[in-house]
Amino acid sequence: MKKSWVVSCALTACLALTACTMTDTQRRTTTGAALGGATAGLISGQWGWAAAGAAAGAAGGYLYDKSKKNEDDAYSRGVNDSRKR
């Protein structure tokens with residue numbers, strides 16, 4: 001259990017350091033994977049569940065990114081429509 005905690009912390013630290021060069025989609029997907037994997041790994045203490053949590057977290061992060069992009073696009077369309085009037 002202690003080993004998985006150390007590995008999770010090390011992975012999270014590495015991802016945090018590389019987050020500056022990522023696009024929004026990559027950053028949100030990676031953050032979801034890290035949080036999902038760390039959470040599932042800490043709760044279960046097993047690598048299989050940590051991998052499943054990472055996959056679910058990555059999917060959640062990706063879907064969140066798509067939602068935010070749709071929201072930003074709708075806002076931009078609204079602003080542009082109001083300027084045309």
# chains A, B, ... in the order shown; residues from 1 in each chain; ligands from 1

call {"tool": "residues_around", "arguments": {"residues": "segment 66-83 of chain A", "least_positions_apart": "4", "cutoff": "10 Å", "atoms": "only C-alpha atoms", "output": "number ranges by chain"}}
result
A: 24-25, 28, 60-62

call {"tool": "atom_distance", "arguments": {"atom1": "atom CA of Gly32 of chain A", "atom2": "atom CA of Ala50 of chain A"}}
result
12.4 Å

call {"tool": "closest_residue", "arguments": {"among": "A:Thr23, A:Arg85, A:Gly41, A:Ala33", "to": "Ala55 of chain A", "atoms": "only C-alpha atoms"}}
result
A:Ala33

call {"tool": "closest_residue", "arguments": {"among": "A:Ala54, A:Thr21, A:Ala59, A:Gln26", "to": "Ala38 of chain A", "atoms": "only C-alpha atoms"}}
result
A:Ala54

call {"tool": "residues_around", "arguments": {"residues": "Gly57 of chain A", "least_positions_apart": "5", "cutoff": "12 Å", "atoms": "only C-alpha atoms", "output": "list in words"}}
result
Arg28, Thr29, Thr30, Thr31, Gly32, Ala33, Ala34, Leu35, Gly36, Gly37, Ala38, Thr39, Ala40, Trp49, Ala50, Ala51, Ala52, Tyr62, Leu63 and Tyr64 of chain A

call {"tool": "write_last_selection", "arguments": {"atoms": "N, CA and C atoms", "output": "mmCIF file, in the first residue's frame"}}
result
data_model
loop_
_atom_site.group_PDB
_atom_site.id
_atom_site.type_symbol
_atom_site.label_atom_id
_atom_site.label_comp_id
_atom_site.auth_asym_id
_atom_site.auth_seq_id
_atom_site.Cartn_x
_atom_site.Cartn_y
_atom_site.Cartn_z
ATOM 1 N N ARG A 28 -6.574 18.410 -19.281
ATOM 2 C CA ARG A 28 -7.781 17.934 -18.596
ATOM 3 C C ARG A 28 -7.870 16.409 -18.607
ATOM 4 N N THR A 29 -7.496 15.785 -19.709
ATOM 5 C CA THR A 29 -7.519 14.330 -19.787
ATOM 6 C C THR A 29 -6.488 13.716 -18.849
ATOM 7 N N THR A 30 -5.296 14.285 -18.829
ATOM 8 C CA THR A 30 -4.238 13.779 -17.954
ATOM 9 C C THR A 30 -4.579 13.980 -16.488
ATOM 10 N N THR A 31 -5.143 15.118 -16.166
ATOM 11 C CA THR A 31 -5.532 15.372 -14.780
ATOM 12 C C THR A 31 -6.605 14.382 -14.339
ATOM 13 N N GLY A 32 -7.578 14.125 -15.195
ATOM 14 C CA GLY A 32 -8.610 13.145 -14.875
ATOM 15 C C GLY A 32 -8.027 11.760 -14.671
ATOM 16 N N ALA A 33 -7.074 11.373 -15.530
ATOM 17 C CA ALA A 33 -6.445 10.061 -15.396
ATOM 18 C C ALA A 33 -5.645 9.958 -14.101
ATOM 19 N N ALA A 34 -4.912 11.000 -13.780
ATOM 20 C CA ALA A 34 -4.106 10.981 -12.548
ATOM 21 C C ALA A 34 -4.991 10.912 -11.308
ATOM 22 N N LEU A 35 -6.019 11.730 -11.284
ATOM 23 C CA LEU A 35 -6.905 11.723 -10.118
ATOM 24 C C LEU A 35 -7.681 10.418 -10.002
ATOM 25 N N GLY A 36 -8.178 9.924 -11.128
ATOM 26 C CA GLY A 36 -8.924 8.669 -11.104
ATOM 27 C C GLY A 36 -8.055 7.489 -10.703
ATOM 28 N N GLY A 37 -6.847 7.428 -11.252
ATOM 29 C CA GLY A 37 -5.936 6.341 -10.909
ATOM 30 C C GLY A 37 -5.483 6.395 -9.464
ATOM 31 N N ALA A 38 -5.143 7.590 -9.002
ATOM 32 C CA ALA A 38 -4.694 7.737 -7.617
ATOM 33 C C ALA A 38 -5.818 7.409 -6.639
ATOM 34 N N THR A 39 -7.008 7.890 -6.924
ATOM 35 C CA THR A 39 -8.136 7.638 -6.029
ATOM 36 C C THR A 39 -8.478 6.151 -5.963
ATOM 37 N N ALA A 40 -8.610 5.527 -7.120
ATOM 38 C CA ALA A 40 -8.948 4.103 -7.142
ATOM 39 C C ALA A 40 -7.823 3.270 -6.535
ATOM 40 N N TRP A 49 -7.357 -1.961 -10.209
ATOM 41 C CA TRP A 49 -8.376 -0.944 -9.970
ATOM 42 C C TRP A 49 -7.819 0.457 -10.231
ATOM 43 N N ALA A 50 -6.537 0.652 -9.970
ATOM 44 C CA ALA A 50 -5.928 1.953 -10.252
ATOM 45 C C ALA A 50 -5.939 2.228 -11.756
ATOM 46 N N ALA A 51 -5.650 1.195 -12.548
ATOM 47 C CA ALA A 51 -5.681 1.358 -14.008
ATOM 48 C C ALA A 51 -7.097 1.637 -14.496
ATOM 49 N N ALA A 52 -8.073 0.946 -13.921
ATOM 50 C CA ALA A 52 -9.464 1.196 -14.306
ATOM 51 C C ALA A 52 -9.891 2.605 -13.902
ATOM 52 N N TYR A 62 -11.705 14.044 -20.581
ATOM 53 C CA TYR A 62 -11.922 14.334 -21.994
ATOM 54 C C TYR A 62 -13.335 14.870 -22.237
ATOM 55 N N LEU A 63 -14.320 14.229 -21.616
ATOM 56 C CA LEU A 63 -15.705 14.689 -21.770
ATOM 57 C C LEU A 63 -15.904 16.074 -21.160
ATOM 58 N N TYR A 64 -15.246 16.340 -20.042
ATOM 59 C CA TYR A 64 -15.309 17.667 -19.428
ATOM 60 C C TYR A 64 -14.714 18.712 -20.360
#
